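Here's the structure, in structure tokens; my notes come after.
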2 protein chains.
Amino acid sequence: MTTDDKTNDPALKSWLVSANQPDCHFPIQNLPFGVFTTAGKPEKRVGVAIGDQILDLSVLEKTWLIPISKDIFSAPDINRFMSLGPKVWAEVRAVVSALLDASSRTLQDDEDLRALALVSQADATLHMPVQVGDYTDFYASKEHATNVGTMFRDPDNALMPNWLHIPIGYNGRASTVVASGTDIHRPLGQIKPPGSDGPIFDACRKLDMELEIAAIVGTSNPMGQPITVDQANEMIFGYVILNDWSARDIQVWEYQPLGPFQAKAFASTISPWVVTRAAMEPFRQAGPVQDPEPLPYLRQKAGYNYNLKLQVTVQPEAAAKATTICKTNFKYMYWSSPQQLAHHAACGCAMRSGDLLGSGTISGQDKDSLGSFLELSWNGQNPMTLDGGESRTFIEDGDTISMTGWCQGDGYRIGFGDATGKILPAVQHPSLKEM
Amino acid sequence: MTTDDKTNDPALKSWLVSANQPDCHFPIQNLPFGVFTTAGKPEKRVGVAIGDQILDLSVLEKTWLIPISKDIFSAPDINRFMSLGPKVWAEVRAVVSALLDASSRTLQDDEDLRALALVSQADATLHMPVQVGDYTDFYASKEHATNVGTMFRDPDNALMPNWLHIPIGYNGRASTVVASGTDIHRPLGQIKPPGSDGPIFDACRKLDMELEIAAIVGTSNPMGQPITVDQANEMIFGYVILNDWSARDIQVWEYQPLGPFQAKAFASTISPWVVTRAAMEPFRQAGPVQDPEPLPYLRQKAGYNYNLKLQVTVQPEAAAKATTICKTNFKYMYWSSPQQLAHHAACGCAMRSGDLLGSGTISGQDKDSLGSFLELSWNGQNPMTLDGGESRTFIEDGDTISMTGWCQGDGYRIGFGDATGKILPAVQHPSLKEM
């Protein structure tokens with residue numbers, strides 16, 4: 001796939017030299033959107049990551065430099081900006097790219113404006129970039145669905161009969177989607193221990209992560225008006241990394257017949273920078289062959305997978321460094337995000353700016369490309385040994401899970417930053433305090 | 001159950017005589033909250049239903065009569081008001097009750113203020129009363145769960161082993177919760193017709209309703225902090241009627257393993273007046289005996305069921321009048337709404353002001369007390385004959401489904417008004433237009 005958008009030119013360099021390092025996640029070709037505060041200015045506002053800095057768009061929108069109406073970026077989320085649509089997204093991307101280009105003097109030479117508009121990432125706190133209306137989680141990796149079906153149900157019929165026809169998904173919990181860096185308490189819930197007659201209420205014993213990419217819906221469709229896959233692609237503003245934390249023992253007891261609920265509702269962590277679809281365009285490619293051919297409403301005119309490398313580390317509280325436990329790639333997904341979005345709206349469901357669509361756990365075919373502890377330890381049967389010598393089947397208290405990813409360009413990376421979370425011990429349930 | 005709150009006194013009468021009719025849904029003991037507009041004033045604002053009128057609280061909050069800060073009721077939803085908590089709810093209820101009491105002269109004798117603050121319901125348009133953060137749908141009628149399990153799975157094991165231990169629920173779709181009166185297009189979706197090798201994409205052939213009551217969360221709990229059942233009850237602001245429209249043929253093909261998705265995502269209709277928990281208090285009672293005894297975190301110190309009569313009518317487009325097809329009662333539910341809310345938060349899930357918790361379909365034991373066409377027609381095997389002679393197994397295009405309910409007091413009713421929706425024909429999917 002190629003693109004003739006100048007903002008994607010691999011030869012572009014910024015006058016901000018930190019952006020030009022080959023392993024920097026935020027070169028001038030990326031320009032992801034996020035929401036931040038600083039100690040000196042606690043109001044949430046929208047910025048673009050560039051090198052080790054943030055370009056504060058709430059400052060720029062008050063000048064003549066940004067060609068859209070005011071108070072789009074002096075906002076606690078990017079929803080209003082996203083709802084303006086792809087033409088405005090492209091205009092703003094082009095303007096920001098031009099301002100940061102090594103050849104441009106406008107901002108580079110304006111010391112006063114630079115002091116106002118550039119904030120060091122080290123001095124900023126990042127927040128949820130979007131207000132999530134609805135959060136939906138899909139299940140689009142054939143390898144992951146096969147592994148889970150083998151463990152939870154029947155190895156001979158691991159994939160449900162509907163899986164090759166429907167981008168299977170379920171509604172997640174929007175209220176607990178949090179930005180990277182938020183600590184997470186180990187959840188409480190109902191568990192039925194092996195051999196026990198009935199359930200108990202206790203802290204989760206099989207705490208897991210799920211490595212996913214989430215599409216962020218930028219523009220809406222009205223209720224009752226379905227969309228094609230290609231229209232769905234146009235509605236997507238960008239993508240983030242998603243850790244869909246999962247309590248496997250709670251899940252296996254509760255999930256029939258209505259699906260996962262408390263096992264997934266305690267937290268979902270996203271990376272704070274929304275990488276735009278425009279920045280990812282050079283890395284777009286066809287996905288796996290879909291056989292049987294999808295029904296016409298799910299057919300796509302182009303490939304909507306992305307060559308996006310992903311990896312996961314775990315760092316126990318006492319460990320000196322993190323251990324990489326998974327390396328995989330978003331390109332493996334069987335169903336694309338636009339197919340998922342088109343399916344989602346097929347019944348007439350209204351999709352809104354800020355909706356989050358998790359891809360489903362991203363697992364490849366190799367043993368080290370599995371996107372969950374459930375698969376990596378095969379439901380606890382095969383413990384992993386970490387670099388410090390510790391052993392893990394599932395996540396333990398004090399562990400920090402960190403996910404990162406990037407599209408590798410020629411001399412630059414379209415990086416996603418990190419989706420990181422540390423697990424704190426379970427709290428005591430208030431009903432027990434009363435006893 | 002009794003209450004010594006004066007606002008619930010059965011002897012109270014209003015100077016608004018329409019409120020004093022014994023079958024009026026909105027007597028002075030009710031005072032439900034809603035959001036409305038009028039032709040002359042298109043800004044959404046909060047009002048209380050009284051008789052055939054609406055008391056415009058956005059007018060009253062600008063006077064000395066309402067003892068809370070301004071701009072709580074000049075709002076497009078009641079979320080801000082709800083987030084102020086039970087003490088403020090009680091204060092406002094007491095003030096409004098006193099203003100409308102037959103013995104009070106303040107508003108009754110102030111012709112100018114009355115002209116500003118009272119709006120005829122016939123002249124108003126009602127809107128969604130709350131901004132729904134997350135919508136969750138439970139499955140708490142033992143009769144309904146047994147009937148569905150019998151039809152969809154195994155008559156000998158109709159209830160899943162978890163059902164008597166967990167208030168089973170799943171996350172619904174918040175973006176398509178709509179107020180009564182909104183027309184609904186028949187959904188499109190994947191269906192696997194009997195005997196067919198693979199699925200087709202077509203308009204739903206088994207369109208259904210589900211009669212439910214939904215609890216509306218008024219105050220929030222922080223992420224990571226579970227709550228007791230009694231705390232959960234205090235968090236509930238009130239209740240509405242909910243029609244959880246369902247596409248049974250889409251559901252049966254898609255729901256394994258992650259639960260209902262497109263089958264429920266096209267629309268959910270609620271009644272526009274939120275009946276407060278305070279108004280329902282005299283009708284609170286114990287639910288069915290729960291055996292086995294729930295785990296400690298689900299135990300309730302009091303009964304949280306309500307004696308709330310419910311009925312459903314269907315009116316075909318050509319029919320002169322509607323036919324009542326279901327009469328049931330909310331008191332039959334096995335799990336109470338506070339138990340559902342406490343379970344929901346048990347893992348640490350944050351609940352927010354405006355969250356909607358559907359009870360699950362309310363079915364009794366009698367043949368005419370079943371809250372869905374699926375059960376009433378036994379999945380199409382036993383067609384119903386309507387009063388005009390038409391036959392129905394599922395909902396047909398042009399049918400209007402209307403749900404209503406009330407708590408019957410001594411000479412008055414705490415009414416919910418209607419949750420009504422008409423089914424329009426399916427739209428054409430845009431992928432077919434392109435062919």
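FYI, nothing fancy with the structure tokens labels: chains A, B, ... in order, residues from 1 per chain, ligands from 1 as they appear.
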
Quiz prompt | Surrounding residues of Gly189 of chain A excluding itself and chain neighbours under 6 positions, 6 Å, only C-alpha atoms, as a ChimeraX atom specification | solution = /A:201-202 /B:347

Practice problem: Mind checking which residues fall within 10 Å of Met384 of chain B, counting only C-alpha atoms, ignoring those fewer than 6 positions away in the same chain, and posting them as a ChimeraX atom specification? | Solution: /B:325,373,376-377,390-394

I need the chosen residues saved as a PDB file, in the first residue's frame, with N, CA, C and O atoms.
ATOM      1  N   ILE B 325     -51.670  -8.294  25.807  1.00  0.00           N
ATOM      2  CA  ILE B 325     -51.142  -9.657  25.643  1.00  0.00           C
ATOM      3  C   ILE B 325     -50.406 -10.158  26.876  1.00  0.00           C
ATOM      4  O   ILE B 325     -50.061 -11.326  26.959  1.00  0.00           O
ATOM      5  N   PHE B 373     -42.784 -12.131  23.345  1.00  0.00           N
ATOM      6  CA  PHE B 373     -43.473 -12.947  22.340  1.00  0.00           C
ATOM      7  C   PHE B 373     -42.862 -14.357  22.300  1.00  0.00           C
ATOM      8  O   PHE B 373     -43.562 -15.330  22.059  1.00  0.00           O
ATOM      9  N   LEU B 376     -44.684 -16.063  24.941  1.00  0.00           N
ATOM     10  CA  LEU B 376     -46.137 -16.063  24.721  1.00  0.00           C
ATOM     11  C   LEU B 376     -46.524 -16.992  23.575  1.00  0.00           C
ATOM     12  O   LEU B 376     -47.545 -17.680  23.647  1.00  0.00           O
ATOM     13  N   SER B 377     -45.706 -17.016  22.516  1.00  0.00           N
ATOM     14  CA  SER B 377     -46.030 -17.877  21.356  1.00  0.00           C
ATOM     15  C   SER B 377     -45.190 -19.154  21.378  1.00  0.00           C
ATOM     16  O   SER B 377     -45.234 -19.940  20.446  1.00  0.00           O
ATOM     17  N   GLU B 390     -56.462 -10.668  14.121  1.00  0.00           N
ATOM     18  CA  GLU B 390     -55.139 -10.946  13.581  1.00  0.00           C
ATOM     19  C   GLU B 390     -54.416 -11.973  14.450  1.00  0.00           C
ATOM     20  O   GLU B 390     -54.654 -12.081  15.643  1.00  0.00           O
ATOM     21  N   SER B 391     -53.474 -12.650  13.839  1.00  0.00           N
ATOM     22  CA  SER B 391     -52.680 -13.655  14.542  1.00  0.00           C
ATOM     23  C   SER B 391     -51.238 -13.160  14.640  1.00  0.00           C
ATOM     24  O   SER B 391     -50.724 -12.487  13.745  1.00  0.00           O
ATOM     25  N   ARG B 392     -50.566 -13.460  15.749  1.00  0.00           N
ATOM     26  CA  ARG B 392     -49.166 -13.032  15.941  1.00  0.00           C
ATOM     27  C   ARG B 392     -48.351 -14.140  16.588  1.00  0.00           C
ATOM     28  O   ARG B 392     -48.782 -14.734  17.582  1.00  0.00           O
ATOM     29  N   THR B 393     -47.168 -14.396  16.009  1.00  0.00           N
ATOM     30  CA  THR B 393     -46.164 -15.201  16.723  1.00  0.00           C
ATOM     31  C   THR B 393     -45.044 -14.267  17.199  1.00  0.00           C
ATOM     32  O   THR B 393     -44.589 -14.349  18.332  1.00  0.00           O
ATOM     33  N   PHE B 394     -44.595 -13.373  16.285  1.00  0.00           N
ATOM     34  CA  PHE B 394     -43.630 -12.335  16.635  1.00  0.00           C
ATOM     35  C   PHE B 394     -44.178 -10.998  16.124  1.00  0.00           C
ATOM     36  O   PHE B 394     -45.282 -10.946  15.570  1.00  0.00           O
TER      37      PHE B 394
END

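For Gly389 of chain B, the set of protein, DNA and RNA residues having any atom at most 12 Å away, when counting only C-alpha atoms and skipping those fewer than 3 positions along the same chain, is B:Gln315, B:Pro316, B:Ala318, B:Ala319, B:Ala320, B:Lys321, B:Ala322, B:Thr323, B:Pro383, B:Met384, B:Thr385, B:Leu386, B:Arg392.
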
Atoms to include: C-alpha atoms. Write the selected residues as a PDB file, in the first residue's frame.
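The file below, selection03.pdb, is the result:
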ATOM      1  CA  GLN B 315     -51.743  -2.743  18.100  1.00  0.00           C
ATOM      2  CA  PRO B 316     -51.345  -3.696  14.446  1.00  0.00           C
ATOM      3  CA  ALA B 318     -54.764  -1.509  10.697  1.00  0.00           C
ATOM      4  CA  ALA B 319     -56.325  -2.415  14.038  1.00  0.00           C
ATOM      5  CA  ALA B 320     -58.873  -0.108  15.649  1.00  0.00           C
ATOM      6  CA  LYS B 321     -57.531  -0.777  19.115  1.00  0.00           C
ATOM      7  CA  ALA B 322     -54.736  -2.432  21.041  1.00  0.00           C
ATOM      8  CA  THR B 323     -54.872  -5.937  22.514  1.00  0.00           C
ATOM      9  CA  PRO B 383     -49.792 -18.096  17.623  1.00  0.00           C
ATOM     10  CA  MET B 384     -51.738 -15.524  19.635  1.00  0.00           C
ATOM     11  CA  THR B 385     -55.058 -14.234  18.334  1.00  0.00           C
ATOM     12  CA  LEU B 386     -55.505 -10.480  18.831  1.00  0.00           C
ATOM     13  CA  ARG B 392     -49.166 -13.032  15.941  1.00  0.00           C
TER      14      ARG B 392
END

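Proximity ranking of B:Ser402, B:Gln428, B:Thr38, B:Gln29 relative to chain A places B:Gln428 first, based on only C-alpha atoms.
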
Residues of chain A within 7 Å of chain B, using only C-alpha atoms, as a PDB file with N, CA and C atoms, in the first residue's frame?
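The resulting file, result_2.pdb, is shown below:
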ATOM      1  N   ASP A 134     -19.619   4.097  24.023  1.00  0.00           N
ATOM      2  CA  ASP A 134     -19.734   2.657  24.240  1.00  0.00           C
ATOM      3  C   ASP A 134     -18.401   2.002  23.908  1.00  0.00           C
ATOM      4  N   ASN A 162     -20.356 -20.085  14.231  1.00  0.00           N
ATOM      5  CA  ASN A 162     -20.587 -18.728  13.724  1.00  0.00           C
ATOM      6  C   ASN A 162     -19.291 -17.942  13.495  1.00  0.00           C
ATOM      7  N   GLY A 169     -18.356 -10.272  18.763  1.00  0.00           N
ATOM      8  CA  GLY A 169     -17.995  -9.253  19.746  1.00  0.00           C
ATOM      9  C   GLY A 169     -19.060  -9.176  20.816  1.00  0.00           C
ATOM     10  N   TYR A 170     -18.767  -8.419  21.849  1.00  0.00           N
ATOM     11  CA  TYR A 170     -19.745  -8.193  22.921  1.00  0.00           C
ATOM     12  C   TYR A 170     -19.533  -6.783  23.454  1.00  0.00           C
ATOM     13  N   ASN A 171     -20.541  -6.277  24.138  1.00  0.00           N
ATOM     14  CA  ASN A 171     -20.442  -4.945  24.721  1.00  0.00           C
ATOM     15  C   ASN A 171     -19.579  -5.007  25.973  1.00  0.00           C
ATOM     16  N   GLY A 172     -18.599  -4.112  26.060  1.00  0.00           N
ATOM     17  CA  GLY A 172     -17.752  -4.004  27.246  1.00  0.00           C
ATOM     18  C   GLY A 172     -18.259  -2.909  28.171  1.00  0.00           C
ATOM     19  N   ARG A 173     -17.473  -2.594  29.170  1.00  0.00           N
ATOM     20  CA  ARG A 173     -17.870  -1.600  30.168  1.00  0.00           C
ATOM     21  C   ARG A 173     -17.102  -0.309  29.931  1.00  0.00           C
ATOM     22  N   ALA A 174     -17.798   0.775  29.607  1.00  0.00           N
ATOM     23  CA  ALA A 174     -17.135   2.031  29.266  1.00  0.00           C
ATOM     24  C   ALA A 174     -16.597   2.765  30.494  1.00  0.00           C
ATOM     25  N   SER A 175     -17.245   2.598  31.658  1.00  0.00           N
ATOM     26  CA  SER A 175     -16.899   3.436  32.815  1.00  0.00           C
ATOM     27  C   SER A 175     -15.521   3.136  33.387  1.00  0.00           C
ATOM     28  N   THR A 176     -14.964   1.989  33.056  1.00  0.00           N
ATOM     29  CA  THR A 176     -13.677   1.611  33.628  1.00  0.00           C
ATOM     30  C   THR A 176     -12.573   1.511  32.569  1.00  0.00           C
ATOM     31  N   HIS A 185      -6.774  -2.473  41.058  1.00  0.00           N
ATOM     32  CA  HIS A 185      -6.911  -3.456  42.127  1.00  0.00           C
ATOM     33  C   HIS A 185      -7.321  -4.819  41.545  1.00  0.00           C
ATOM     34  N   PRO A 187      -9.434  -7.804  41.042  1.00  0.00           N
ATOM     35  CA  PRO A 187     -10.884  -7.808  41.253  1.00  0.00           C
ATOM     36  C   PRO A 187     -11.344  -8.910  42.206  1.00  0.00           C
ATOM     37  N   LEU A 188     -12.460  -8.632  42.863  1.00  0.00           N
ATOM     38  CA  LEU A 188     -13.200  -9.638  43.616  1.00  0.00           C
ATOM     39  C   LEU A 188     -14.289 -10.223  42.714  1.00  0.00           C
ATOM     40  N   GLY A 189     -14.717 -11.424  43.027  1.00  0.00           N
ATOM     41  CA  GLY A 189     -15.818 -11.976  42.251  1.00  0.00           C
ATOM     42  C   GLY A 189     -16.176 -13.377  42.658  1.00  0.00           C
ATOM     43  N   MET A 223     -28.827   6.216  14.132  1.00  0.00           N
ATOM     44  CA  MET A 223     -29.552   4.995  14.474  1.00  0.00           C
ATOM     45  C   MET A 223     -30.446   4.589  13.305  1.00  0.00           C
ATOM     46  N   GLY A 224     -30.420   3.290  12.988  1.00  0.00           N
ATOM     47  CA  GLY A 224     -31.265   2.782  11.907  1.00  0.00           C
ATOM     48  C   GLY A 224     -30.637   2.879  10.532  1.00  0.00           C
ATOM     49  N   PRO A 226     -27.425   1.527   8.632  1.00  0.00           N
ATOM     50  CA  PRO A 226     -26.183   0.742   8.542  1.00  0.00           C
ATOM     51  C   PRO A 226     -25.186   1.368   7.570  1.00  0.00           C
ATOM     52  N   ILE A 227     -23.965   0.847   7.605  1.00  0.00           N
ATOM     53  CA  ILE A 227     -22.868   1.387   6.791  1.00  0.00           C
ATOM     54  C   ILE A 227     -22.118   0.238   6.121  1.00  0.00           C
ATOM     55  N   THR A 228     -21.427   0.561   5.028  1.00  0.00           N
ATOM     56  CA  THR A 228     -20.572  -0.441   4.390  1.00  0.00           C
ATOM     57  C   THR A 228     -19.231  -0.497   5.124  1.00  0.00           C
ATOM     58  N   TRP A 253     -16.896 -19.115  35.240  1.00  0.00           N
ATOM     59  CA  TRP A 253     -18.089 -19.427  36.030  1.00  0.00           C
ATOM     60  C   TRP A 253     -19.294 -18.594  35.613  1.00  0.00           C
ATOM     61  N   GLU A 254     -19.063 -17.368  35.145  1.00  0.00           N
ATOM     62  CA  GLU A 254     -20.191 -16.454  34.907  1.00  0.00           C
ATOM     63  C   GLU A 254     -20.658 -16.392  33.455  1.00  0.00           C
ATOM     64  N   PRO A 257     -25.184 -17.929  30.044  1.00  0.00           N
ATOM     65  CA  PRO A 257     -25.240 -17.834  28.583  1.00  0.00           C
ATOM     66  C   PRO A 257     -25.037 -16.428  28.020  1.00  0.00           C
ATOM     67  N   LEU A 258     -24.778 -15.412  28.852  1.00  0.00           N
ATOM     68  CA  LEU A 258     -24.836 -14.037  28.328  1.00  0.00           C
ATOM     69  C   LEU A 258     -23.473 -13.390  28.099  1.00  0.00           C
ATOM     70  N   GLY A 259     -22.381 -14.164  28.297  1.00  0.00           N
ATOM     71  CA  GLY A 259     -21.065 -13.624  27.964  1.00  0.00           C
ATOM     72  C   GLY A 259     -20.311 -13.085  29.170  1.00  0.00           C
ATOM     73  N   PRO A 260     -19.069 -12.630  28.947  1.00  0.00           N
ATOM     74  CA  PRO A 260     -18.231 -12.102  30.031  1.00  0.00           C
ATOM     75  C   PRO A 260     -18.846 -10.825  30.608  1.00  0.00           C
ATOM     76  N   PHE A 261     -18.728 -10.651  31.919  1.00  0.00           N
ATOM     77  CA  PHE A 261     -19.359  -9.480  32.558  1.00  0.00           C
ATOM     78  C   PHE A 261     -18.400  -8.930  33.613  1.00  0.00           C
ATOM     79  N   GLN A 262     -18.465  -9.423  34.855  1.00  0.00           N
ATOM     80  CA  GLN A 262     -17.589  -8.925  35.900  1.00  0.00           C
ATOM     81  C   GLN A 262     -16.118  -9.284  35.631  1.00  0.00           C
ATOM     82  N   ALA A 265     -15.051  -6.217  33.703  1.00  0.00           N
ATOM     83  CA  ALA A 265     -15.605  -4.882  33.978  1.00  0.00           C
ATOM     84  C   ALA A 265     -14.756  -4.046  34.921  1.00  0.00           C
ATOM     85  N   PHE A 266     -13.736  -4.637  35.537  1.00  0.00           N
ATOM     86  CA  PHE A 266     -12.991  -3.894  36.562  1.00  0.00           C
ATOM     87  C   PHE A 266     -12.007  -2.897  35.973  1.00  0.00           C
ATOM     88  N   PRO A 296     -22.011 -10.385   1.746  1.00  0.00           N
ATOM     89  CA  PRO A 296     -21.731  -9.118   1.042  1.00  0.00           C
ATOM     90  C   PRO A 296     -21.598  -7.897   1.962  1.00  0.00           C
ATOM     91  N   TYR A 297     -22.355  -7.818   3.050  1.00  0.00           N
ATOM     92  CA  TYR A 297     -22.292  -6.618   3.902  1.00  0.00           C
ATOM     93  C   TYR A 297     -20.965  -6.518   4.643  1.00  0.00           C
ATOM     94  N   HIS A 344     -21.124  -4.087  13.458  1.00  0.00           N
ATOM     95  CA  HIS A 344     -21.707  -3.468  14.654  1.00  0.00           C
ATOM     96  C   HIS A 344     -22.914  -2.612  14.291  1.00  0.00           C
ATOM     97  N   ALA A 346     -24.721  -2.945  11.569  1.00  0.00           N
ATOM     98  CA  ALA A 346     -25.584  -3.611  10.589  1.00  0.00           C
ATOM     99  C   ALA A 346     -27.037  -3.675  11.038  1.00  0.00           C
ATOM    100  N   CYS A 347     -27.261  -3.820  12.323  1.00  0.00           N
ATOM    101  CA  CYS A 347     -28.633  -3.937  12.833  1.00  0.00           C
ATOM    102  C   CYS A 347     -29.325  -2.590  12.931  1.00  0.00           C
ATOM    103  N   GLY A 348     -28.557  -1.529  12.703  1.00  0.00           N
ATOM    104  CA  GLY A 348     -29.097  -0.180  12.888  1.00  0.00           C
ATOM    105  C   GLY A 348     -28.526   0.502  14.110  1.00  0.00           C
ATOM    106  N   CYS A 349     -27.545  -0.143  14.732  1.00  0.00           N
ATOM    107  CA  CYS A 349     -26.939   0.423  15.934  1.00  0.00           C
ATOM    108  C   CYS A 349     -26.222   1.731  15.599  1.00  0.00           C
ATOM    109  N   ALA A 350     -26.493   2.755  16.382  1.00  0.00           N
ATOM    110  CA  ALA A 350     -25.828   4.053  16.210  1.00  0.00           C
ATOM    111  C   ALA A 350     -24.423   3.976  16.791  1.00  0.00           C
ATOM    112  N   HIS A 429     -14.100  -6.424  50.612  1.00  0.00           N
ATOM    113  CA  HIS A 429     -15.473  -6.045  50.265  1.00  0.00           C
ATOM    114  C   HIS A 429     -16.166  -5.465  51.498  1.00  0.00           C
ATOM    115  N   PRO A 430     -16.930  -4.364  51.334  1.00  0.00           N
ATOM    116  CA  PRO A 430     -17.559  -3.720  52.504  1.00  0.00           C
ATOM    117  C   PRO A 430     -18.528  -4.633  53.251  1.00  0.00           C
ATOM    118  N   SER A 431     -19.092  -5.633  52.596  1.00  0.00           N
ATOM    119  CA  SER A 431     -20.006  -6.537  53.319  1.00  0.00           C
ATOM    120  C   SER A 431     -19.247  -7.357  54.352  1.00  0.00           C
TER     121      SER A 431
END

Self-check item: Point-to-point distance from atom CA of Phe26 of chain B to atom CA of Ala94 of chain B, Å rounded to tenths
Solution: 15.7 Å

Quiz prompt | All helix (DSSP H, G or I) residues (DSSP, backbone) inside segment 25-127 of chain A, as an MDAnalysis selection string | solution = chainID A and resid 57:60 79:83 86:100 111:117 121:123

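Candidate residues B:Asp101, B:Glu234, B:Asp410, B:Asp368 were compared for distance to Gly85 of chain B, and the nearest is B:Glu234, using only C-alpha atoms.
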
Residue contacts of Gln285 of chain B (12 Å, only C-alpha atoms) excluding same-chain residues fewer than 4 positions away, as an mmCIF file with N, CA and C atoms, in the first residue's frame:
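Produced file part_17.cif, reproduced below:
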data_model
loop_
_atom_site.group_PDB
_atom_site.id
_atom_site.type_symbol
_atom_site.label_atom_id
_atom_site.label_comp_id
_atom_site.auth_asym_id
_atom_site.auth_seq_id
_atom_site.Cartn_x
_atom_site.Cartn_y
_atom_site.Cartn_z
ATOM 1 N N MET B 1 -44.494 -3.082 54.149
ATOM 2 C CA MET B 1 -43.573 -1.964 54.289
ATOM 3 C C MET B 1 -44.347 -0.657 54.440
ATOM 4 N N THR B 2 -43.879 0.170 55.335
ATOM 5 C CA THR B 2 -44.524 1.471 55.498
ATOM 6 C C THR B 2 -43.454 2.552 55.440
ATOM 7 N N MET B 280 -41.935 5.032 45.320
ATOM 8 C CA MET B 280 -42.263 3.596 45.285
ATOM 9 C C MET B 280 -42.134 2.943 46.662
ATOM 10 N N GLU B 281 -41.594 3.671 47.615
ATOM 11 C CA GLU B 281 -41.278 3.091 48.926
ATOM 12 C C GLU B 281 -42.464 2.363 49.588
ATOM 13 N N VAL B 289 -38.298 -16.268 48.044
ATOM 14 C CA VAL B 289 -37.222 -16.824 48.866
ATOM 15 C C VAL B 289 -36.077 -17.244 47.945
ATOM 16 N N LYS B 301 -30.559 -6.595 53.699
ATOM 17 C CA LYS B 301 -31.166 -6.496 55.036
ATOM 18 C C LYS B 301 -32.674 -6.324 54.943
ATOM 19 N N ALA B 302 -33.145 -5.844 53.800
ATOM 20 C CA ALA B 302 -34.582 -5.606 53.626
ATOM 21 C C ALA B 302 -35.006 -6.192 52.282
ATOM 22 N N GLY B 303 -36.322 -6.286 52.069
ATOM 23 C CA GLY B 303 -36.814 -6.695 50.761
ATOM 24 C C GLY B 303 -36.750 -5.520 49.801
ATOM 25 N N TYR B 304 -36.236 -5.745 48.604
ATOM 26 C CA TYR B 304 -36.134 -4.658 47.630
ATOM 27 C C TYR B 304 -36.928 -4.949 46.362
ATOM 28 N N ASN B 305 -37.924 -5.828 46.452
ATOM 29 C CA ASN B 305 -38.848 -5.978 45.328
ATOM 30 C C ASN B 305 -39.970 -4.951 45.472
ATOM 31 N N TYR B 306 -40.718 -4.768 44.399
ATOM 32 C CA TYR B 306 -41.820 -3.801 44.426
ATOM 33 C C TYR B 306 -43.076 -4.430 43.843
ATOM 34 N N ASN B 307 -44.199 -4.141 44.487
ATOM 35 C CA ASN B 307 -45.488 -4.567 43.945
ATOM 36 C C ASN B 307 -45.895 -3.563 42.871
ATOM 37 N N LEU B 308 -45.520 -3.868 41.659
ATOM 38 C CA LEU B 308 -45.669 -2.950 40.521
ATOM 39 C C LEU B 308 -46.318 -3.728 39.391
ATOM 40 N N PHE B 330 -43.747 -6.778 38.752
ATOM 41 C CA PHE B 330 -42.309 -6.679 39.016
ATOM 42 C C PHE B 330 -41.925 -7.448 40.288
ATOM 43 N N LYS B 331 -42.903 -7.716 41.155
ATOM 44 C CA LYS B 331 -42.598 -8.361 42.442
ATOM 45 C C LYS B 331 -42.093 -9.792 42.274
ATOM 46 N N TYR B 332 -42.303 -10.392 41.098
ATOM 47 C CA TYR B 332 -41.894 -11.784 40.898
ATOM 48 C C TYR B 332 -40.377 -11.972 40.767
ATOM 49 N N MET B 333 -39.622 -10.909 40.525
ATOM 50 C CA MET B 333 -38.200 -11.057 40.191
ATOM 51 C C MET B 333 -37.420 -11.759 41.298
ATOM 52 N N SER B 336 -33.189 -8.814 43.160
ATOM 53 C CA SER B 336 -33.638 -7.417 43.227
ATOM 54 C C SER B 336 -32.653 -6.504 42.494
ATOM 55 N N CYS B 407 -47.928 1.190 40.582
ATOM 56 C CA CYS B 407 -48.115 0.669 41.928
ATOM 57 C C CYS B 407 -49.488 1.145 42.385
#

Quiz item: Per DSSP on the backbone, what are the strand (DSSP E) residues of segment 18-141 of chain B, as a ChimeraX atom specification?
Solution: /B:33-38,41-50,53-56,118-120,124-127,135-138

Quiz item: Near Met151 of chain A, within 8 Å and counting only C-alpha atoms, which residues show up once chain neighbours fewer than 4 positions away are dropped, as JSON, numbers by chain?
Solution: {"A": [147, 155, 378, 379]}

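For the pair atom CA of Asp9 of chain A and atom CA of Ser180 of chain A, the interatomic distance is 29.6 Å.
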